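> This is query_29.pdb (PDB, C-alpha atoms).
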ATOM      1  CA  MET S1076       4.811 -74.151  -4.373
ATOM      2  CA  ASN S1077       1.099 -73.782  -3.765
ATOM      3  CA  TYR S1078       1.608 -74.869  -0.146
ATOM      4  CA  PHE S1079       4.372 -72.266   0.247
ATOM      5  CA  ARG S1080       2.112 -69.518  -1.123
ATOM      6  CA  MET S1081      -0.692 -70.603   1.186
ATOM      7  CA  LEU S1082       1.694 -70.485   4.150
ATOM      8  CA  VAL S1083       2.859 -66.968   3.209
ATOM      9  CA  VAL S1084      -0.728 -65.766   2.826
ATOM     10  CA  PHE S1085      -1.629 -67.325   6.178
ATOM     11  CA  ILE S1086       1.297 -65.606   7.921
ATOM     12  CA  LEU S1087       0.395 -62.262   6.335
ATOM     13  CA  MET S1088      -3.173 -62.654   7.531
ATOM     14  CA  LEU S1089      -1.977 -63.326  11.065
ATOM     15  CA  VAL S1090       0.316 -60.290  11.026
ATOM     16  CA  SER S1091      -2.410 -58.091   9.557
ATOM     17  CA  GLY S1092      -4.872 -59.299  12.165
ATOM     18  CA  ALA S1093      -2.426 -58.587  14.982
ATOM     19  CA  VAL S1094      -1.841 -55.045  13.679
ATOM     20  CA  MET S1095      -5.585 -54.442  13.386
ATOM     21  CA  ALA S1096      -6.129 -55.759  16.921
ATOM     22  CA  GLN S1097      -3.409 -53.460  18.242
ATOM     23  CA  GLU S1098      -5.028 -50.463  16.525
ATOM     24  CA  VAL S1099      -8.416 -51.361  17.971
ATOM     25  CA  ALA S1100      -6.923 -51.802  21.445
ATOM     26  CA  GLN S1101      -5.139 -48.436  21.386
ATOM     27  CA  LYS S1102      -7.406 -46.054  23.252
ATOM     28  CA  ALA S1103      -7.640 -42.453  22.088
ATOM     29  CA  VAL S1104      -7.594 -39.481  24.441
ATOM     30  CA  LEU S1105      -8.106 -35.786  23.715
ATOM     31  CA  VAL S1106      -6.056 -33.343  25.804
ATOM     32  CA  THR S1107      -6.895 -29.639  25.516
ATOM     33  CA  GLY S1108      -4.233 -27.012  26.130
ATOM     34  CA  ALA S1109      -1.476 -29.494  25.318
ATOM     35  CA  SER S1110       1.124 -27.039  24.064
ATOM     36  CA  SER S1111       2.895 -26.439  27.391
ATOM     37  CA  GLY S1112       2.841 -26.949  31.144
ATOM     38  CA  SER S1113       0.795 -29.801  32.544
ATOM     39  CA  GLY S1114      -1.007 -30.313  29.234
ATOM     40  CA  ARG S1115       2.228 -31.053  27.409
ATOM     41  CA  VAL S1116       3.378 -33.429  30.161
ATOM     42  CA  ILE S1117       0.000 -35.211  30.119
ATOM     43  CA  ALA S1118       0.094 -35.612  26.331
ATOM     44  CA  GLU S1119       3.671 -36.921  26.309
ATOM     45  CA  THR S1120       3.080 -39.278  29.242
ATOM     46  CA  LEU S1121      -0.063 -40.790  27.723
ATOM     47  CA  ALA S1122       1.623 -41.177  24.328
ATOM     48  CA  GLU S1123       4.589 -42.960  25.918
ATOM     49  CA  ARG S1124       2.139 -45.255  27.698
ATOM     50  CA  GLY S1125       0.621 -46.294  24.367
ATOM     51  CA  TYR S1126      -2.469 -44.119  24.135
ATOM     52  CA  PHE S1127      -3.189 -42.271  20.917
ATOM     53  CA  VAL S1128      -3.348 -38.619  21.932
ATOM     54  CA  TYR S1129      -5.245 -35.872  20.158
ATOM     55  CA  ALA S1130      -3.402 -32.816  21.442
ATOM     56  CA  GLY S1131      -5.244 -29.511  21.312
ATOM     57  CA  ALA S1132      -3.188 -26.373  20.657
ATOM     58  CA  ARG S1133      -3.770 -22.887  19.259
ATOM     59  CA  LYS S1134      -0.468 -21.925  17.617
ATOM     60  CA  GLN S1135       1.038 -23.519  14.523
ATOM     61  CA  ASP S1136       4.519 -23.835  16.053
ATOM     62  CA  ASP S1137       3.052 -25.812  18.954
ATOM     63  CA  ILE S1138       1.039 -27.961  16.554
ATOM     64  CA  ASN S1139       4.196 -28.775  14.586
ATOM     65  CA  GLU S1140       6.079 -29.736  17.771
ATOM     66  CA  LEU S1141       3.253 -31.956  19.009
ATOM     67  CA  ASN S1142       2.924 -33.708  15.651
ATOM     68  CA  ALA S1143       6.561 -34.759  15.913
ATOM     69  CA  ILE S1144       5.774 -36.916  18.970
ATOM     70  CA  GLU S1145       4.950 -40.571  18.398
ATOM     71  CA  ASN S1146       1.291 -41.474  19.074
ATOM     72  CA  VAL S1147       0.294 -37.793  19.028
ATOM     73  CA  GLN S1148      -1.858 -35.968  16.498
ATOM     74  CA  ALA S1149      -2.151 -32.251  17.110
ATOM     75  CA  ILE S1150      -5.476 -30.514  16.539
ATOM     76  CA  ARG S1151      -5.993 -26.784  16.248
ATOM     77  CA  LEU S1152      -8.282 -26.163  19.183
ATOM     78  CA  ASP S1153      -9.138 -22.942  20.968
ATOM     79  CA  VAL S1154     -11.753 -23.863  23.573
ATOM     80  CA  THR S1155     -13.372 -20.432  23.223
ATOM     81  CA  ILE S1156     -14.103 -20.908  19.504
ATOM     82  CA  GLN S1157     -17.043 -23.215  18.760
ATOM     83  CA  SER S1158     -16.109 -23.684  15.098
ATOM     84  CA  GLU S1159     -12.698 -25.083  16.094
ATOM     85  CA  ILE S1160     -14.345 -27.429  18.610
ATOM     86  CA  ASP S1161     -16.758 -28.639  15.928
ATOM     87  CA  ALA S1162     -13.870 -29.177  13.504
ATOM     88  CA  ALA S1163     -11.988 -31.146  16.181
ATOM     89  CA  VAL S1164     -15.022 -33.404  16.657
ATOM     90  CA  GLU S1165     -15.122 -34.061  12.912
ATOM     91  CA  THR S1166     -11.400 -34.830  12.827
ATOM     92  CA  VAL S1167     -11.580 -37.321  15.685
ATOM     93  CA  ARG S1168     -14.729 -38.952  14.316
ATOM     94  CA  ASN S1169     -13.254 -39.305  10.819
ATOM     95  CA  GLU S1170     -10.080 -40.899  12.205
ATOM     96  CA  GLY S1171     -12.220 -43.862  13.268
ATOM     97  CA  ARG S1172     -10.538 -44.593  16.600
ATOM     98  CA  GLY S1173     -13.393 -43.279  18.677
ATOM     99  CA  LEU S1174     -12.587 -41.423  21.880
ATOM    100  CA  TYR S1175     -12.112 -43.060  25.268
ATOM    101  CA  GLY S1176     -10.773 -40.153  27.301
ATOM    102  CA  LEU S1177     -11.248 -36.403  27.455
ATOM    103  CA  VAL S1178      -8.853 -34.294  29.530
ATOM    104  CA  ASN S1179     -10.060 -30.713  29.967
ATOM    105  CA  ASN S1180      -6.731 -29.052  30.679
ATOM    106  CA  ALA S1181      -6.783 -25.688  28.868
ATOM    107  CA  GLY S1182      -6.895 -22.814  31.336
ATOM    108  CA  VAL S1183      -5.800 -19.275  32.113
ATOM    109  CA  GLY S1184      -5.170 -17.318  35.282
ATOM    110  CA  ASP S1185      -5.006 -13.745  36.478
ATOM    111  CA  LEU S1186      -4.498 -11.846  39.712
ATOM    112  CA  GLY S1187      -6.366  -8.854  40.978
ATOM    113  CA  PRO S1188      -8.657  -7.522  43.683
ATOM    114  CA  LEU S1189     -12.300  -8.222  42.895
ATOM    115  CA  ILE S1190     -13.170  -4.539  43.189
ATOM    116  CA  GLU S1191     -10.433  -3.487  40.755
ATOM    117  CA  ILE S1192     -10.037  -6.195  38.103
ATOM    118  CA  PRO S1193     -11.897  -5.319  34.857
ATOM    119  CA  GLU S1194     -15.080  -7.213  34.077
ATOM    120  CA  SER S1195     -13.687  -8.048  30.651
ATOM    121  CA  GLU S1196     -10.820  -9.954  32.290
ATOM    122  CA  VAL S1197     -13.208 -11.945  34.500
ATOM    123  CA  ASP S1198     -15.264 -12.741  31.388
ATOM    124  CA  PHE S1199     -12.114 -14.010  29.662
ATOM    125  CA  ILE S1200     -11.144 -16.227  32.603
ATOM    126  CA  PHE S1201     -14.612 -17.769  32.731
ATOM    127  CA  ASP S1202     -14.767 -18.155  28.950
ATOM    128  CA  VAL S1203     -11.650 -20.336  29.013
ATOM    129  CA  ASN S1204     -11.783 -22.044  32.417
ATOM    130  CA  VAL S1205     -15.530 -22.693  32.708
ATOM    131  CA  MET S1206     -17.225 -22.382  29.337
ATOM    132  CA  GLY S1207     -14.271 -24.066  27.608
ATOM    133  CA  PRO S1208     -14.657 -27.418  29.403
ATOM    134  CA  TYR S1209     -18.442 -27.075  29.114
ATOM    135  CA  ARG S1210     -18.262 -26.609  25.317
ATOM    136  CA  VAL S1211     -15.685 -29.337  24.718
ATOM    137  CA  THR S1212     -17.383 -31.859  27.006
ATOM    138  CA  GLN S1213     -20.763 -31.282  25.412
ATOM    139  CA  ALA S1214     -19.297 -31.642  21.923
ATOM    140  CA  PHE S1215     -17.405 -34.877  22.598
ATOM    141  CA  ALA S1216     -19.917 -36.455  25.002
ATOM    142  CA  PRO S1217     -21.524 -38.730  22.342
ATOM    143  CA  MET S1218     -18.169 -40.369  21.559
ATOM    144  CA  ILE S1219     -17.248 -40.717  25.236
ATOM    145  CA  ILE S1220     -20.643 -42.262  25.995
ATOM    146  CA  GLU S1221     -20.259 -44.670  23.086
ATOM    147  CA  SER S1222     -16.922 -45.909  24.446
ATOM    148  CA  LYS S1223     -18.049 -45.851  28.109
ATOM    149  CA  GLY S1224     -14.986 -43.707  28.651
ATOM    150  CA  ARG S1225     -13.595 -41.193  31.111
ATOM    151  CA  ILE S1226     -13.802 -37.408  31.480
ATOM    152  CA  THR S1227     -11.151 -35.616  33.521
ATOM    153  CA  THR S1228     -10.885 -31.909  34.262
ATOM    154  CA  ILE S1229      -7.753 -30.214  35.541
ATOM    155  CA  GLY S1230      -9.058 -27.960  38.283
ATOM    156  CA  SER S1231      -7.016 -26.474  41.103
ATOM    157  CA  ARG S1232      -6.853 -26.476  44.856
ATOM    158  CA  ALA S1233      -7.999 -22.883  44.297
ATOM    159  CA  GLY S1234     -11.356 -24.526  43.682
ATOM    160  CA  ILE S1235     -11.430 -25.509  47.356
ATOM    161  CA  LEU S1236      -9.817 -22.494  49.002
ATOM    162  CA  THR S1237      -8.579 -19.117  47.844
ATOM    163  CA  ARG S1238      -6.354 -16.248  48.922
ATOM    164  CA  VAL S1239      -5.877 -12.550  48.304
ATOM    165  CA  PHE S1240      -6.104 -11.499  44.622
ATOM    166  CA  PHE S1241      -6.936 -15.041  43.437
ATOM    167  CA  GLY S1242     -10.672 -14.322  43.456
ATOM    168  CA  PRO S1243     -11.494 -14.453  39.708
ATOM    169  CA  TYR S1244      -9.332 -17.524  39.066
ATOM    170  CA  SER S1245     -10.614 -19.250  42.191
ATOM    171  CA  MET S1246     -14.214 -18.443  41.230
ATOM    172  CA  SER S1247     -13.695 -20.246  37.924
ATOM    173  CA  LYS S1248     -12.127 -23.270  39.612
ATOM    174  CA  HIS S1249     -14.900 -23.452  42.217
ATOM    175  CA  ALA S1250     -17.286 -23.592  39.263
ATOM    176  CA  MET S1251     -15.438 -26.619  37.906
ATOM    177  CA  GLU S1252     -15.962 -28.433  41.207
ATOM    178  CA  ALA S1253     -19.732 -28.094  40.700
ATOM    179  CA  PHE S1254     -19.327 -28.991  37.009
ATOM    180  CA  THR S1255     -17.567 -32.220  37.965
ATOM    181  CA  ASP S1256     -20.127 -33.242  40.580
ATOM    182  CA  ALA S1257     -23.111 -32.575  38.331
ATOM    183  CA  LEU S1258     -21.499 -34.241  35.316
ATOM    184  CA  ALA S1259     -20.567 -37.303  37.368
ATOM    185  CA  PHE S1260     -24.201 -37.771  38.420
ATOM    186  CA  GLU S1261     -25.446 -37.324  34.855
ATOM    187  CA  MET S1262     -22.859 -39.572  33.164
ATOM    188  CA  ASP S1263     -23.205 -42.420  35.653
ATOM    189  CA  LYS S1264     -26.182 -43.871  33.771
ATOM    190  CA  PHE S1265     -23.890 -44.279  30.729
ATOM    191  CA  ASP S1266     -21.084 -45.915  32.767
ATOM    192  CA  VAL S1267     -18.815 -42.922  32.102
ATOM    193  CA  LYS S1268     -16.508 -41.989  34.985
ATOM    194  CA  VAL S1269     -15.834 -38.309  35.777
ATOM    195  CA  SER S1270     -12.964 -36.910  37.865
ATOM    196  CA  ILE S1271     -11.268 -33.626  38.703
ATOM    197  CA  ILE S1272      -7.583 -33.120  39.510
ATOM    198  CA  GLU S1273      -6.684 -30.351  41.960
ATOM    199  CA  PRO S1274      -3.038 -29.220  41.672
ATOM    200  CA  SER S1275      -1.121 -26.691  43.694
ATOM    201  CA  GLY S1276       1.057 -24.070  42.012
ATOM    202  CA  PHE S1277       3.811 -25.097  39.604
ATOM    203  CA  LYS S1278       6.023 -23.336  37.100
ATOM    204  CA  SER S1279       4.200 -22.871  33.805
ATOM    205  CA  LYS S1280       3.430 -20.295  31.135
ATOM    206  CA  ILE S1281       0.052 -19.531  32.720
ATOM    207  CA  GLY S1282       1.719 -17.133  35.166
ATOM    208  CA  GLU S1283       3.692 -15.384  32.427
ATOM    209  CA  ALA S1284       0.568 -14.963  30.303
ATOM    210  CA  SER S1285      -1.356 -13.610  33.281
ATOM    211  CA  PHE S1286       1.349 -11.039  34.060
ATOM    212  CA  GLN S1287       1.473 -10.001  30.398
ATOM    213  CA  ARG S1288      -2.284  -9.365  30.327
ATOM    214  CA  MET S1289      -1.966  -7.244  33.489
ATOM    215  CA  GLN S1290       0.686  -5.155  31.768
ATOM    216  CA  ASP S1291      -1.363  -4.904  28.565
ATOM    217  CA  ARG S1292      -4.316  -3.437  30.445
ATOM    218  CA  GLY S1293      -2.057  -0.824  32.058
ATOM    219  CA  PHE S1294      -1.977  -2.207  35.570
ATOM    220  CA  ASN S1295       0.056  -0.129  38.008
ATOM    221  CA  ILE S1296       0.605  -1.031  41.666
ATOM    222  CA  GLU S1297       0.812   2.666  42.538
ATOM    223  CA  ASP S1298      -2.827   3.146  41.485
ATOM    224  CA  SER S1299      -4.200   0.209  43.489
ATOM    225  CA  LEU S1300      -6.022   0.434  46.817
ATOM    226  CA  TYR S1301      -4.040  -2.702  47.712
ATOM    227  CA  ARG S1302      -0.519  -1.427  47.122
ATOM    228  CA  SER S1303       0.835  -2.912  50.382
ATOM    229  CA  GLU S1304      -0.684  -6.329  49.572
ATOM    230  CA  TRP S1305       0.876  -6.312  46.093
ATOM    231  CA  GLU S1306       4.240  -5.431  47.624
ATOM    232  CA  ALA S1307       3.880  -8.300  50.127
ATOM    233  CA  ILE S1308       3.283 -10.747  47.295
ATOM    234  CA  ARG S1309       6.431  -9.505  45.559
ATOM    235  CA  ILE S1310       8.458 -10.087  48.747
ATOM    236  CA  LEU S1311       7.026 -13.584  49.203
ATOM    237  CA  GLU S1312       7.827 -14.489  45.603
ATOM    238  CA  SER S1313      11.377 -13.162  45.839
ATOM    239  CA  GLU S1314      11.987 -15.126  49.034
ATOM    240  CA  GLY S1315      10.467 -18.286  47.583
ATOM    241  CA  LYS S1316       7.684 -18.491  50.164
ATOM    242  CA  ILE S1317       4.951 -18.962  47.574
ATOM    243  CA  GLU S1318       4.858 -22.653  46.718
ATOM    244  CA  VAL S1319       5.827 -23.288  43.097
ATOM    245  CA  VAL S1320       6.612 -26.987  42.669
ATOM    246  CA  ASN S1321       8.309 -28.446  39.617
ATOM    247  CA  ASP S1322       7.100 -32.055  39.887
ATOM    248  CA  VAL S1323       3.383 -31.255  40.108
ATOM    249  CA  PRO S1324       2.833 -31.684  36.315
ATOM    250  CA  GLU S1325       4.169 -35.241  36.598
ATOM    251  CA  GLN S1326       1.829 -35.856  39.528
ATOM    252  CA  ILE S1327      -1.038 -34.542  37.411
ATOM    253  CA  ALA S1328      -0.118 -36.845  34.519
ATOM    254  CA  ASN S1329      -0.004 -39.854  36.856
ATOM    255  CA  ALA S1330      -3.412 -38.891  38.223
ATOM    256  CA  VAL S1331      -4.766 -38.687  34.672
ATOM    257  CA  ILE S1332      -3.503 -42.214  34.043
ATOM    258  CA  ASP S1333      -5.395 -43.398  37.111
ATOM    259  CA  THR S1334      -8.590 -41.692  35.946
ATOM    260  CA  LEU S1335      -8.273 -43.589  32.663
ATOM    261  CA  GLU S1336      -7.214 -46.981  33.960
ATOM    262  CA  ALA S1337      -8.604 -47.483  37.469
ATOM    263  CA  GLU S1338     -11.750 -49.586  37.685
ATOM    264  CA  LYS S1339     -13.067 -47.049  40.188
ATOM    265  CA  PRO S1340     -11.235 -43.753  39.656
ATOM    266  CA  LEU S1341     -11.428 -41.152  42.397
ATOM    267  CA  ALA S1342     -13.798 -38.231  42.134
ATOM    268  CA  ARG S1343     -10.968 -35.902  43.204
ATOM    269  CA  TYR S1344      -7.174 -36.110  43.008
ATOM    270  CA  LEU S1345      -5.149 -33.636  45.073
ATOM    271  CA  THR S1346      -1.681 -33.140  43.561
ATOM    272  CA  VAL S1347       0.448 -30.858  45.727
ATOM    273  CA  GLY S1348       4.104 -30.393  46.519
ATOM    274  CA  SER S1349       4.110 -30.742  50.284
ATOM    275  CA  LYS S1350       2.191 -32.155  53.228
ATOM    276  CA  GLU S1351       1.683 -28.613  54.469
ATOM    277  CA  SER S1352      -0.115 -27.747  51.247
ATOM    278  CA  ALA S1353      -2.258 -30.878  51.542
ATOM    279  CA  ILE S1354      -3.176 -30.020  55.143
ATOM    280  CA  GLN S1355      -4.109 -26.460  54.162
ATOM    281  CA  THR S1356      -6.369 -27.725  51.388
ATOM    282  CA  VAL S1357      -8.161 -30.369  53.449
ATOM    283  CA  GLU S1358      -8.479 -27.936  56.343
ATOM    284  CA  GLY S1359      -9.998 -25.391  53.976
ATOM    285  CA  ALA S1360     -12.669 -27.877  52.913
ATOM    286  CA  MET S1361     -13.387 -28.825  56.521
ATOM    287  CA  ARG S1362     -13.548 -25.176  57.591
ATOM    288  CA  LYS S1363     -16.398 -24.632  55.151
ATOM    289  CA  ALA S1364     -18.258 -27.616  56.593
ATOM    290  CA  VAL S1365     -17.894 -26.141  60.074
ATOM    291  CA  GLN S1366     -19.088 -22.740  58.846
ATOM    292  CA  VAL S1367     -22.118 -24.302  57.149
ATOM    293  CA  ASN S1368     -23.010 -25.864  60.498
ATOM    294  CA  GLU S1369     -22.827 -22.615  62.483
ATOM    295  CA  ARG S1370     -25.752 -20.891  64.208
ATOM    296  CA  HIS S1371     -28.803 -22.329  62.547
ATOM    297  CA  LYS S1372     -31.840 -24.216  63.720
ATOM    298  CA  TYR S1373     -30.427 -27.637  62.852
ATOM    299  CA  SER S1374     -26.754 -27.209  63.740
ATOM    300  CA  LEU S1375     -25.113 -30.561  64.459
ATOM    301  CA  SER S1376     -23.217 -31.391  67.616
ATOM    302  CA  ARG S1377     -19.535 -32.253  67.621
ATOM    303  CA  ASP S1378     -20.372 -35.955  68.014
ATOM    304  CA  GLU S1379     -22.767 -35.801  65.084
ATOM    305  CA  LEU S1380     -20.150 -34.111  62.906
ATOM    306  CA  VAL S1381     -17.519 -36.688  63.863
ATOM    307  CA  GLY S1382     -20.048 -39.441  63.187
ATOM    308  CA  ILE S1383     -20.634 -38.124  59.670
ATOM    309  CA  LEU S1384     -16.878 -37.975  59.054
ATOM    310  CA  ASP S1385     -16.404 -41.530  60.345
ATOM    311  CA  ALA S1386     -19.224 -42.804  58.118
ATOM    312  CA  LEU S1387     -17.754 -41.060  55.069
ATOM    313  CA  LEU S1388     -14.287 -42.487  55.740
ATOM    314  CA  GLU S1389     -15.712 -45.976  56.260
ATOM    315  CA  ASN S1390     -17.654 -45.733  53.007
ATOM    316  CA  GLN S1391     -14.541 -44.542  51.190
ATOM    317  CA  GLN S1392     -12.508 -47.491  52.472
ATOM    318  CA  SER S1393     -15.194 -49.979  51.458
ATOM    319  CA  ASN S1394     -15.214 -48.592  47.942
TER     320      ASN S1394
END
Once more with this new file: its structure as structure tokens, please.

Amino acid sequence: MNYFRMLVVFILMLVSGAVMAQEVAQKAVLVTGASSGSGRVIAETLAERGYFVYAGARKQDDINELNAIENVQAIRLDVTIQSEIDAAVETVRNEGRGLYGLVNNAGVGDLGPLIEIPESEVDFIFDVNVMGPYRVTQAFAPMIIESKGRITTIGSRAGILTRVFFGPYSMSKHAMEAFTDALAFEMDKFDVKVSIIEPSGFKSKIGEASFQRMQDRGFNIEDSLYRSEWEAIRILESEGKIEVVNDVPEQIANAVIDTLEAEKPLARYLTVGSKESAIQTVEGAMRKAVQVNERHKYSLSRDELVGILDALLENQQSN
């Protein structure tokens, strides 16, 4: 009988140890703006893959929905409210899992000519899209450094190029390009990897919310100096000529997985719906390089420019 009891105790110890090991091995990731769109897809994809996901959301209904998903714990988190960020840090710290990954996904958008859009709206866009990731990253940096983890920001190809009426949104996403580069340099000493994902347009609630804010502030096409441009956008949308791709959120989620799991994640991940969109984005980046080289004392020759490109591509392949 004593031998039987010892065997039972031994088996229970093994099972308990295996459960504890599994809990330790399960990496935790915080995803901001996880209630809908790409954030929701990222949270669900990571949870299905076995990560424990802290899913940031602002509304109670969204929190309840997220809490119903296995491996997900919703956290009330508005990235513009420091007290909620501080409370989220306390929650994650008290859970005892640590934090391996941070995905700065929360964002807003708006359309409008730079000479007509209210300053208050530009302030709002920057408060969410720029200061939000800044606040959250700064708050969670100690835990990420401790775990030698990963920081990923969902930017946009609007951070590389822009178009009519996308100025304020594009300004905020250009800022996140600089944020990513600077943060990557600064976190390298702690063996923390930093990446940015640059999607093209896809169907999400961000467009609906943007349109609603335009209506709330009394926007009227008839009063705009750009009436013909607004009308052109309407025609393009009705004819489906503005790219809105449904599978981009899945591409974003797959890119997030790579940022978390690759030994050497990329600095930038372009997630677009067509080769044409990819060409436009890369061409936009190259156009700026050409413009930077124009008409100054140290302008490079074509051969020198091509040589730089060849060296960069060779270095990329070796890495």
> Using only C-alpha atoms for the distances, tell me which of S:Val1104, S:Val1211, S:Val1178, S:Val1347 is nearest to Ala1122 in chain S.
S:Val1104
> My list of candidates is S:Thr1107, S:Thr1120, S:Ser1113, S:Ser1231. Which is closest to Leu1152 in chain S when distances are computed with all atoms listed in the file?
S:Thr1107
> As an exercise, work out the distance from CA of Gly1112 in chain S to CA of Met1218 in chain S in Å and give it to one decimal place.
26.7 Å
> Can you pull out the residues contacting Ala1163 in chain S? Cut-off 7 Å, using only C-alpha atoms, and skip same-chain residues under 3 positions away; I want them as a list of chain:residue names.
S:Ile1150, S:Leu1152, S:Glu1159, S:Ile1160, S:Thr1166, S:Val1167
> In Å, with one decimal, what is the gap from CA of Val1239 in chain S to CA of Asn1295 in chain S?
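Distance reported for this atom pair: 17.2 Å.
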> Can you tell me which residues surround Asp1202 in chain S at a distance of at most 10 Å, considering only C-alpha atoms, apart from same-chain residues fewer than 2 positions away, and format the answer as number ranges by chain?
S: 1154-1156, 1182-1183, 1196-1200, 1204-1210, 1247
> What lies within 8 Å of Ile1327 in chain S using all atoms listed in the file, ignoring chain neighbours under 5 positions off, as number ranges by chain?
S: 1113, 1117, 1272, 1274, 1346
> So that I can check the surroundings of Ala1216 in chain S, please list as a ChimeraX atom specification every protein, DNA and RNA residue that reaches within 12 Å of it, counting all atoms listed in the file and ignoring chain neighbours fewer than 4 positions away.
/S:1105,1164,1173-1177,1208-1212,1220-1226,1258,1261-1262,1265,1267-1269
> Interatomic distance between CA of Ala1250 in chain S and CA of Ile1229 in chain S?
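So the two atoms, CA of Ala1250 in chain S and CA of Ile1229 in chain S, lie 12.2 Å apart.
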> Is it possible to get the residues within 7 Å of (3.2, -30.0, 46.2) (coordinates as in the file, counting all atoms listed in the file) written as a PyMOL selection string?
chain S and resi 1275+1320+1323+1346-1349+1352
> Which residue, S:Val1357, S:Ile1271, S:Val1116, S:Leu1384, has the smallest gap to Asp1333 in chain S when you use all atoms listed in the file?
S:Ile1271
> Give, as JSON, the centre coordinates and the x, y and z edge lengths in Å to one decimal for an axis-aligned box around all listed atoms of range 1336-1352 of chain S, padded by 6 Å on each side.

{"center_x": -4.8, "center_y": -38.7, "center_z": 44.2, "size_x": 29.9, "size_y": 33.8, "size_z": 32.5}
> List as a CSV table (one decimal) with C-alpha atoms, in the coordinates of the input the residues having at least one atom at most 10 Å from position (-5.5, -36.5, 37.4) as given in the file, counting all atoms listed in the file.

chain,number,residue,atom,x,y,z
S,1117,ILE,CA,0.0,-35.2,30.1
S,1178,VAL,CA,-8.9,-34.3,29.5
S,1227,THR,CA,-11.2,-35.6,33.5
S,1228,THR,CA,-10.9,-31.9,34.3
S,1229,ILE,CA,-7.8,-30.2,35.5
S,1230,GLY,CA,-9.1,-28.0,38.3
S,1270,SER,CA,-13.0,-36.9,37.9
S,1271,ILE,CA,-11.3,-33.6,38.7
S,1272,ILE,CA,-7.6,-33.1,39.5
S,1273,GLU,CA,-6.7,-30.4,42.0
S,1274,PRO,CA,-3.0,-29.2,41.7
S,1324,PRO,CA,2.8,-31.7,36.3
S,1325,GLU,CA,4.2,-35.2,36.6
S,1326,GLN,CA,1.8,-35.9,39.5
S,1327,ILE,CA,-1.0,-34.5,37.4
S,1328,ALA,CA,-0.1,-36.8,34.5
S,1329,ASN,CA,0.0,-39.9,36.9
S,1330,ALA,CA,-3.4,-38.9,38.2
S,1331,VAL,CA,-4.8,-38.7,34.7
S,1332,ILE,CA,-3.5,-42.2,34.0
S,1333,ASP,CA,-5.4,-43.4,37.1
S,1334,THR,CA,-8.6,-41.7,35.9
S,1335,LEU,CA,-8.3,-43.6,32.7
S,1340,PRO,CA,-11.2,-43.8,39.7
S,1341,LEU,CA,-11.4,-41.2,42.4
S,1342,ALA,CA,-13.8,-38.2,42.1
S,1343,ARG,CA,-11.0,-35.9,43.2
S,1344,TYR,CA,-7.2,-36.1,43.0
S,1345,LEU,CA,-5.1,-33.6,45.1
S,1346,THR,CA,-1.7,-33.1,43.6
> Any chance you could model N, CA and C atoms for range 1213-1225 of chain S and send them as a compact mmCIF listing (two decimals), in the coordinates of the input?

# COMPACT_ATOMS: atom_id res chain seq x y z
N GLN S 1213 -19.48 -31.10 26.10
CA GLN S 1213 -20.76 -31.28 25.41
C GLN S 1213 -20.55 -31.79 23.99
N ALA S 1214 -19.54 -31.27 23.31
CA ALA S 1214 -19.30 -31.64 21.92
C ALA S 1214 -18.83 -33.08 21.77
N PHE S 1215 -17.98 -33.54 22.71
CA PHE S 1215 -17.40 -34.88 22.60
C PHE S 1215 -18.16 -35.93 23.41
N ALA S 1216 -19.18 -35.52 24.15
CA ALA S 1216 -19.92 -36.46 25.00
C ALA S 1216 -20.45 -37.68 24.25
N PRO S 1217 -21.02 -37.53 23.04
CA PRO S 1217 -21.52 -38.73 22.34
C PRO S 1217 -20.46 -39.80 22.13
N MET S 1218 -19.24 -39.39 21.78
CA MET S 1218 -18.17 -40.37 21.56
C MET S 1218 -17.71 -41.00 22.87
N ILE S 1219 -17.65 -40.19 23.93
CA ILE S 1219 -17.25 -40.72 25.24
C ILE S 1219 -18.30 -41.70 25.75
N ILE S 1220 -19.56 -41.37 25.57
CA ILE S 1220 -20.64 -42.26 26.00
C ILE S 1220 -20.58 -43.57 25.22
N GLU S 1221 -20.33 -43.47 23.93
CA GLU S 1221 -20.26 -44.67 23.09
C GLU S 1221 -19.17 -45.62 23.55
N SER S 1222 -18.05 -45.07 24.01
CA SER S 1222 -16.92 -45.91 24.45
C SER S 1222 -16.96 -46.23 25.94
N LYS S 1223 -18.00 -45.71 26.64
CA LYS S 1223 -18.05 -45.85 28.11
C LYS S 1223 -16.72 -45.40 28.71
N GLY S 1224 -16.32 -44.19 28.32
CA GLY S 1224 -14.99 -43.71 28.65
C GLY S 1224 -14.90 -42.88 29.91
N ARG S 1225 -13.94 -41.97 29.93
CA ARG S 1225 -13.60 -41.19 31.11
C ARG S 1225 -13.47 -39.71 30.74
